[in-house]
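One structure below.
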Amino acid sequence: MQFFFEVLIGGLLSGVLYALVALGFVLIYKASGVFNFAQGAMVFFAALTFVGFLEILPGWTGWEEGGRAVFWLAFVLSLAAMVVLAIATEKFVLRPLVNQPPITLFMATIGLTFLVEGIAQGIWGANVRGLNLGIADVPIEYMMDNFNILISSFDVFAAAVAAVLVAALALFFQYTRIGRALRAVADDHQAALSIGIPLRHIWVIVWAVAGFVALVAGMIWGARNGVQFALTFTALKALPVLILGGFTSVPGAIVGGLIIGASEKLAEVYVGPFVGGGIESWFPYILALGFLLFRPEGLFGEKHIDRV
């Protein structure tokens, strides 16, 4: 039983990492009503930019390599880079496509994916880089000594970061003027414009916030697996998370991530040996496909009813 709980808790904490990527998708979808295929590329761009600044800032400033001052300056500069990316995306991609069909915006984000990936590697190179956030990936002694359960302190740290982000974003969308404007823009671009909501500013804000989420997710994923091009594929694992939680729900991204993470780990340990292994690579998609048959809007998504 202890092993079961160890696998379950490990899966839940891993699911939080998937949820961090899914949060970026939810933010863009709530503001534009289109699936942002470029979110994975944004995670890669943010993480690579952060590591790149960590490498060059000591030479520019004379500060100690690996020090806190270098870390936070690199974070601020990386966040500024994501804001610049948000402004450029609004001006050159979204603004010309106002009131166009959602499929047009979706195709634009596919093109944006390759552009962002190319810019990131063109500036910082394509080599795999390590990233140390100062959080050791070691078992928590209290859980080992008292319950004999192996839980990574890094996973707990990632879960705490995700919880703070979800709480902040939920409050932002529910209780702020900008959050309400974002929901209005998602419902109808033309109607939002007609009542004076500045669509351009709203899109810049939401893409900047999504860029911030991508930066946090990229830092955590980069510290876990290394900063490399494979980070762009984390977007694919976020798809089942979105299907389960709902494309418009911030809390749903977390719940979907927990379900996918836990089911993936449990299936890997208890079902994998009977199917030849590798089940963790396809089981989440099978689960999401089955879920689509019964509740396509997701657990927390808005149900649409067609009226004739």
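A note on labels: chains of the structure tokens are A, B, ... as shown, every chain counts residues from 1, and ligands are counted from 1 in their shown order.
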
Residues at most 12 Å from A:Glu55, counting only C-alpha atoms, excluding those fewer than 6 positions away in the same chain, as a list in words? Leu48, Thr49, Thr61, Gly62, Trp63, Glu64, Glu65, Gly66, Gly67, Val70, Phe71, Leu73, Ala74, Trp124, Arg129, Gly130 and Leu131 of chain A

With stretch 7-25 of chain A as the partner and 6 Å as the cut-off, tabulate the residues of stretch 193-279 of chain A that qualify, each row holding the nearest pair of atoms and their distance in Å to one decimal, using only C-alpha atoms, sorted by chain and rising number, as CSV.
```
residue,atom,partner,partner_atom,distance
A:Ala210,CA,A:Gly24,CA,4.8
A:Ala217,CA,A:Leu20,CA,5.6
A:Ala238,CA,A:Ala22,CA,5.1
A:Ala253,CA,A:Ala19,CA,5.4
A:Ile254,CA,A:Ala19,CA,5.1
A:Gly257,CA,A:Gly15,CA,4.4
A:Leu258,CA,A:Gly15,CA,4.6
A:Gly261,CA,A:Gly15,CA,3.8
A:Ala262,CA,A:Gly11,CA,4.0
A:Lys265,CA,A:Gly11,CA,5.2
```

Could you work out how far atom CA of A:Ile28 lies from atom CA of A:Gly211, giving the answer in Å with one decimal? 10.1 Å

Please, which residues of stretch 66-203 of chain A, numbered as in this document, come out alpha helix (DSSP H) from DSSP, as an MDAnalysis selection string? chainID A and resid 68:89 102:124 141:147 153:175 177:187 189:194 199:203

Include C-alpha atoms and write out the residues we just selected as an mmCIF file, in the first residue's frame.
```cif
data_model
loop_
_atom_site.group_PDB
_atom_site.id
_atom_site.type_symbol
_atom_site.label_atom_id
_atom_site.label_comp_id
_atom_site.auth_asym_id
_atom_site.auth_seq_id
_atom_site.Cartn_x
_atom_site.Cartn_y
_atom_site.Cartn_z
ATOM 1 C CA ARG A 68 20.939 35.589 -6.666
ATOM 2 C CA ALA A 69 21.472 38.947 -8.345
ATOM 3 C CA VAL A 70 22.285 37.264 -11.660
ATOM 4 C CA PHE A 71 19.329 34.899 -11.263
ATOM 5 C CA TRP A 72 16.751 37.619 -10.682
ATOM 6 C CA LEU A 73 18.143 39.938 -13.333
ATOM 7 C CA ALA A 74 17.998 37.056 -15.815
ATOM 8 C CA PHE A 75 14.392 36.416 -14.767
ATOM 9 C CA VAL A 76 13.400 40.059 -15.251
ATOM 10 C CA LEU A 77 15.117 40.275 -18.641
ATOM 11 C CA SER A 78 13.510 37.002 -19.760
ATOM 12 C CA LEU A 79 10.103 38.277 -18.689
ATOM 13 C CA ALA A 80 10.760 41.485 -20.632
ATOM 14 C CA ALA A 81 11.606 39.357 -23.679
ATOM 15 C CA MET A 82 8.264 37.552 -23.326
ATOM 16 C CA VAL A 83 6.462 40.919 -23.148
ATOM 17 C CA VAL A 84 8.228 42.014 -26.341
ATOM 18 C CA LEU A 85 7.148 38.738 -27.944
ATOM 19 C CA ALA A 86 3.567 39.416 -26.825
ATOM 20 C CA ILE A 87 3.598 42.920 -28.345
ATOM 21 C CA ALA A 88 5.077 41.638 -31.610
ATOM 22 C CA THR A 89 2.522 38.812 -31.763
ATOM 23 C CA PRO A 102 -10.869 30.656 -35.395
ATOM 24 C CA ILE A 103 -9.212 28.223 -37.813
ATOM 25 C CA THR A 104 -7.329 31.161 -39.347
ATOM 26 C CA LEU A 105 -5.959 32.192 -35.966
ATOM 27 C CA PHE A 106 -5.062 28.582 -35.206
ATOM 28 C CA MET A 107 -3.083 28.271 -38.436
ATOM 29 C CA ALA A 108 -1.347 31.547 -37.605
ATOM 30 C CA THR A 109 -0.191 30.112 -34.255
ATOM 31 C CA ILE A 110 1.252 27.091 -36.084
ATOM 32 C CA GLY A 111 3.372 29.423 -38.196
ATOM 33 C CA LEU A 112 4.272 31.375 -35.065
ATOM 34 C CA THR A 113 5.535 28.141 -33.500
ATOM 35 C CA PHE A 114 8.257 27.629 -36.099
ATOM 36 C CA LEU A 115 9.160 31.327 -36.056
ATOM 37 C CA VAL A 116 9.617 31.420 -32.264
ATOM 38 C CA GLU A 117 11.613 28.178 -32.283
ATOM 39 C CA GLY A 118 13.895 29.527 -34.993
ATOM 40 C CA ILE A 119 14.445 32.854 -33.237
ATOM 41 C CA ALA A 120 15.253 31.155 -29.933
ATOM 42 C CA GLN A 121 17.829 28.815 -31.428
ATOM 43 C CA GLY A 122 19.209 31.514 -33.706
ATOM 44 C CA ILE A 123 19.962 33.777 -30.734
ATOM 45 C CA TRP A 124 21.009 31.280 -28.069
ATOM 46 C CA GLU A 141 13.238 13.191 4.933
ATOM 47 C CA TYR A 142 10.078 13.610 7.011
ATOM 48 C CA MET A 143 8.010 11.500 4.620
ATOM 49 C CA MET A 144 10.751 8.882 4.402
ATOM 50 C CA ASP A 145 11.261 8.639 8.163
ATOM 51 C CA ASN A 146 7.600 8.660 9.220
ATOM 52 C CA PHE A 147 5.720 7.062 6.322
ATOM 53 C CA SER A 153 11.182 18.005 -2.712
ATOM 54 C CA PHE A 154 11.464 19.458 -6.225
ATOM 55 C CA ASP A 155 8.026 18.103 -7.158
ATOM 56 C CA VAL A 156 6.550 19.654 -4.003
ATOM 57 C CA PHE A 157 8.178 22.973 -4.924
ATOM 58 C CA ALA A 158 6.693 22.794 -8.438
ATOM 59 C CA ALA A 159 3.264 21.991 -6.994
ATOM 60 C CA ALA A 160 3.455 24.992 -4.663
ATOM 61 C CA VAL A 161 4.398 27.302 -7.549
ATOM 62 C CA ALA A 162 1.509 25.981 -9.645
ATOM 63 C CA ALA A 163 -0.941 26.436 -6.765
ATOM 64 C CA VAL A 164 0.078 30.077 -6.344
ATOM 65 C CA LEU A 165 -0.221 30.720 -10.088
ATOM 66 C CA VAL A 166 -3.658 29.106 -10.300
ATOM 67 C CA ALA A 167 -4.978 31.053 -7.318
ATOM 68 C CA ALA A 168 -3.636 34.326 -8.705
ATOM 69 C CA LEU A 169 -4.990 33.728 -12.210
ATOM 70 C CA ALA A 170 -8.398 32.624 -10.939
ATOM 71 C CA LEU A 171 -8.706 35.817 -8.880
ATOM 72 C CA PHE A 172 -7.434 37.853 -11.826
ATOM 73 C CA PHE A 173 -10.095 36.563 -14.225
ATOM 74 C CA GLN A 174 -12.929 36.677 -11.719
ATOM 75 C CA TYR A 175 -12.479 39.943 -9.865
ATOM 76 C CA ARG A 177 -11.642 44.701 -14.677
ATOM 77 C CA ILE A 178 -9.087 43.342 -17.132
ATOM 78 C CA GLY A 179 -10.147 39.790 -16.347
ATOM 79 C CA ARG A 180 -13.772 40.570 -17.141
ATOM 80 C CA ALA A 181 -12.670 42.298 -20.339
ATOM 81 C CA LEU A 182 -10.746 39.179 -21.309
ATOM 82 C CA ARG A 183 -13.867 37.063 -20.942
ATOM 83 C CA ALA A 184 -15.854 39.537 -23.028
ATOM 84 C CA VAL A 185 -13.247 39.457 -25.808
ATOM 85 C CA ALA A 186 -13.334 35.667 -25.822
ATOM 86 C CA ASP A 187 -17.118 35.657 -26.264
ATOM 87 C CA HIS A 189 -14.499 40.270 -30.623
ATOM 88 C CA GLN A 190 -16.847 42.630 -32.444
ATOM 89 C CA ALA A 191 -19.164 43.112 -29.470
ATOM 90 C CA ALA A 192 -16.199 43.789 -27.191
ATOM 91 C CA LEU A 193 -14.932 46.446 -29.594
ATOM 92 C CA SER A 194 -18.388 48.035 -29.810
ATOM 93 C CA LEU A 199 -8.868 44.589 -28.121
ATOM 94 C CA ARG A 200 -5.214 45.265 -28.952
ATOM 95 C CA HIS A 201 -4.297 46.049 -25.356
ATOM 96 C CA ILE A 202 -6.207 43.057 -24.045
ATOM 97 C CA TRP A 203 -4.415 40.666 -26.380
#
```

Apply DSSP to the backbone of this structure and, from stretch 94-276 of chain A, keep only the residues in strand (DSSP E or B); write these as a list in words. Arg129, Pro139, Ser152 and Val227 of chain A

May I have the selected residues written with C-alpha atoms, as a PDB file, in the first residue's frame?
```pdb
ATOM      1  CA  ARG A 129      21.723  23.279 -21.256  1.00  0.00           C
ATOM      2  CA  PRO A 139      13.400  12.780  -1.097  1.00  0.00           C
ATOM      3  CA  SER A 152      10.669  14.576  -4.252  1.00  0.00           C
ATOM      4  CA  VAL A 227      16.660  23.180 -21.496  1.00  0.00           C
TER       5      VAL A 227
END
```

So what do you get for atom CA of A:Asn36 versus atom CA of A:Thr248, distance-wise? 12.6 Å

Taking 3 positions as the minimum chain separation for residues in the same chain, which residues sit within 8 Å of A:Ser263 when counting only C-alpha atoms? Answer as number ranges by chain. A: 11, 259-260, 266-267, 284

Could you save those same residues with N, CA and C atoms as an mmCIF file, in the first residue's frame?
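Once everything was written out, this is result-v5.cif:
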```
data_model
loop_
_atom_site.group_PDB
_atom_site.id
_atom_site.type_symbol
_atom_site.label_atom_id
_atom_site.label_comp_id
_atom_site.auth_asym_id
_atom_site.auth_seq_id
_atom_site.Cartn_x
_atom_site.Cartn_y
_atom_site.Cartn_z
ATOM 1 N N GLY A 11 2.783 10.723 -9.178
ATOM 2 C CA GLY A 11 2.024 11.042 -10.387
ATOM 3 C C GLY A 11 1.278 12.352 -10.268
ATOM 4 N N ILE A 259 -5.156 14.476 -12.893
ATOM 5 C CA ILE A 259 -5.724 13.217 -13.376
ATOM 6 C C ILE A 259 -4.774 12.543 -14.357
ATOM 7 N N ILE A 260 -4.238 13.302 -15.291
ATOM 8 C CA ILE A 260 -3.325 12.738 -16.282
ATOM 9 C C ILE A 260 -2.045 12.238 -15.620
ATOM 10 N N LEU A 266 0.299 5.433 -12.580
ATOM 11 C CA LEU A 266 -0.310 4.178 -12.143
ATOM 12 C C LEU A 266 -0.372 3.172 -13.286
ATOM 13 N N ALA A 267 -0.705 3.665 -14.485
ATOM 14 C CA ALA A 267 -0.749 2.762 -15.633
ATOM 15 C C ALA A 267 0.645 2.249 -15.978
ATOM 16 N N PRO A 284 -2.342 8.650 -21.771
ATOM 17 C CA PRO A 284 -3.105 9.890 -21.565
ATOM 18 C C PRO A 284 -3.998 10.259 -22.748
#
```

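Using only C-alpha atoms, the nearest neighbour of A:Leu236 within the list A:Phe53, A:Phe212, A:Trp221, A:Phe37 is A:Phe37.
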
Tell me, in Å to one decimal, how far atom CA of A:Leu289 is from atom CA of A:Leu244. 9.5 Å

Quick one: of A:Val271, A:Ile205, A:Leu231, A:Leu299, who's nearest to A:Val255, counting only C-alpha atoms? A:Leu299

If we count only C-alpha atoms, what is near A:Leu293 at a cut-off of 12 Å, once residues fewer than 5 positions away on the same chain are taken out, given as number ranges by chain? A: 243-244, 286-288, 298

A:Ala230 surroundings by only C-alpha atoms, 12 Å radius, close-in-sequence under 2 positions cut, as a list of chain:residue names: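 Residues meeting the cut-off are A:Gly40, A:Ala41, A:Val43, A:Phe44, A:Phe45, A:Ala47, A:Leu48, A:Glu117, A:Ala126, A:Asn127, A:Val128, A:Arg129, A:Gly218, A:Trp221, A:Gly222, A:Asn225, A:Gly226, A:Val227, A:Gln228, A:Thr232, A:Phe233, A:Thr234, A:Ala235, A:Leu236, A:Lys237.
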
Would you save the residues from that selection as an mmCIF file, in the first residue's frame, using C-alpha atoms?
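The file below, selection_9.cif, is the result:
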```cif
data_model
loop_
_atom_site.group_PDB
_atom_site.id
_atom_site.type_symbol
_atom_site.label_atom_id
_atom_site.label_comp_id
_atom_site.auth_asym_id
_atom_site.auth_seq_id
_atom_site.Cartn_x
_atom_site.Cartn_y
_atom_site.Cartn_z
ATOM 1 C CA GLY A 40 5.135 24.845 -26.384
ATOM 2 C CA ALA A 41 7.498 27.013 -28.430
ATOM 3 C CA VAL A 43 7.988 27.556 -23.095
ATOM 4 C CA PHE A 44 11.144 26.648 -25.009
ATOM 5 C CA PHE A 45 11.875 30.272 -25.929
ATOM 6 C CA ALA A 47 13.572 28.759 -20.782
ATOM 7 C CA LEU A 48 16.341 29.149 -23.371
ATOM 8 C CA GLU A 117 11.613 28.178 -32.283
ATOM 9 C CA ALA A 126 20.536 24.682 -29.982
ATOM 10 C CA ASN A 127 22.782 22.973 -27.406
ATOM 11 C CA VAL A 128 21.189 21.249 -24.431
ATOM 12 C CA ARG A 129 21.723 23.279 -21.256
ATOM 13 C CA GLY A 218 10.056 26.438 -18.831
ATOM 14 C CA TRP A 221 10.733 21.743 -16.873
ATOM 15 C CA GLY A 222 14.249 22.884 -17.795
ATOM 16 C CA ASN A 225 14.872 17.601 -17.970
ATOM 17 C CA GLY A 226 17.337 20.200 -19.236
ATOM 18 C CA VAL A 227 16.660 23.180 -21.496
ATOM 19 C CA GLN A 228 16.387 21.662 -24.946
ATOM 20 C CA THR A 232 8.345 22.194 -27.270
ATOM 21 C CA PHE A 233 6.775 18.730 -27.148
ATOM 22 C CA THR A 234 5.465 19.291 -23.636
ATOM 23 C CA ALA A 235 2.594 21.023 -25.418
ATOM 24 C CA LEU A 236 1.442 17.653 -26.715
ATOM 25 C CA LYS A 237 1.143 16.285 -23.172
#
```
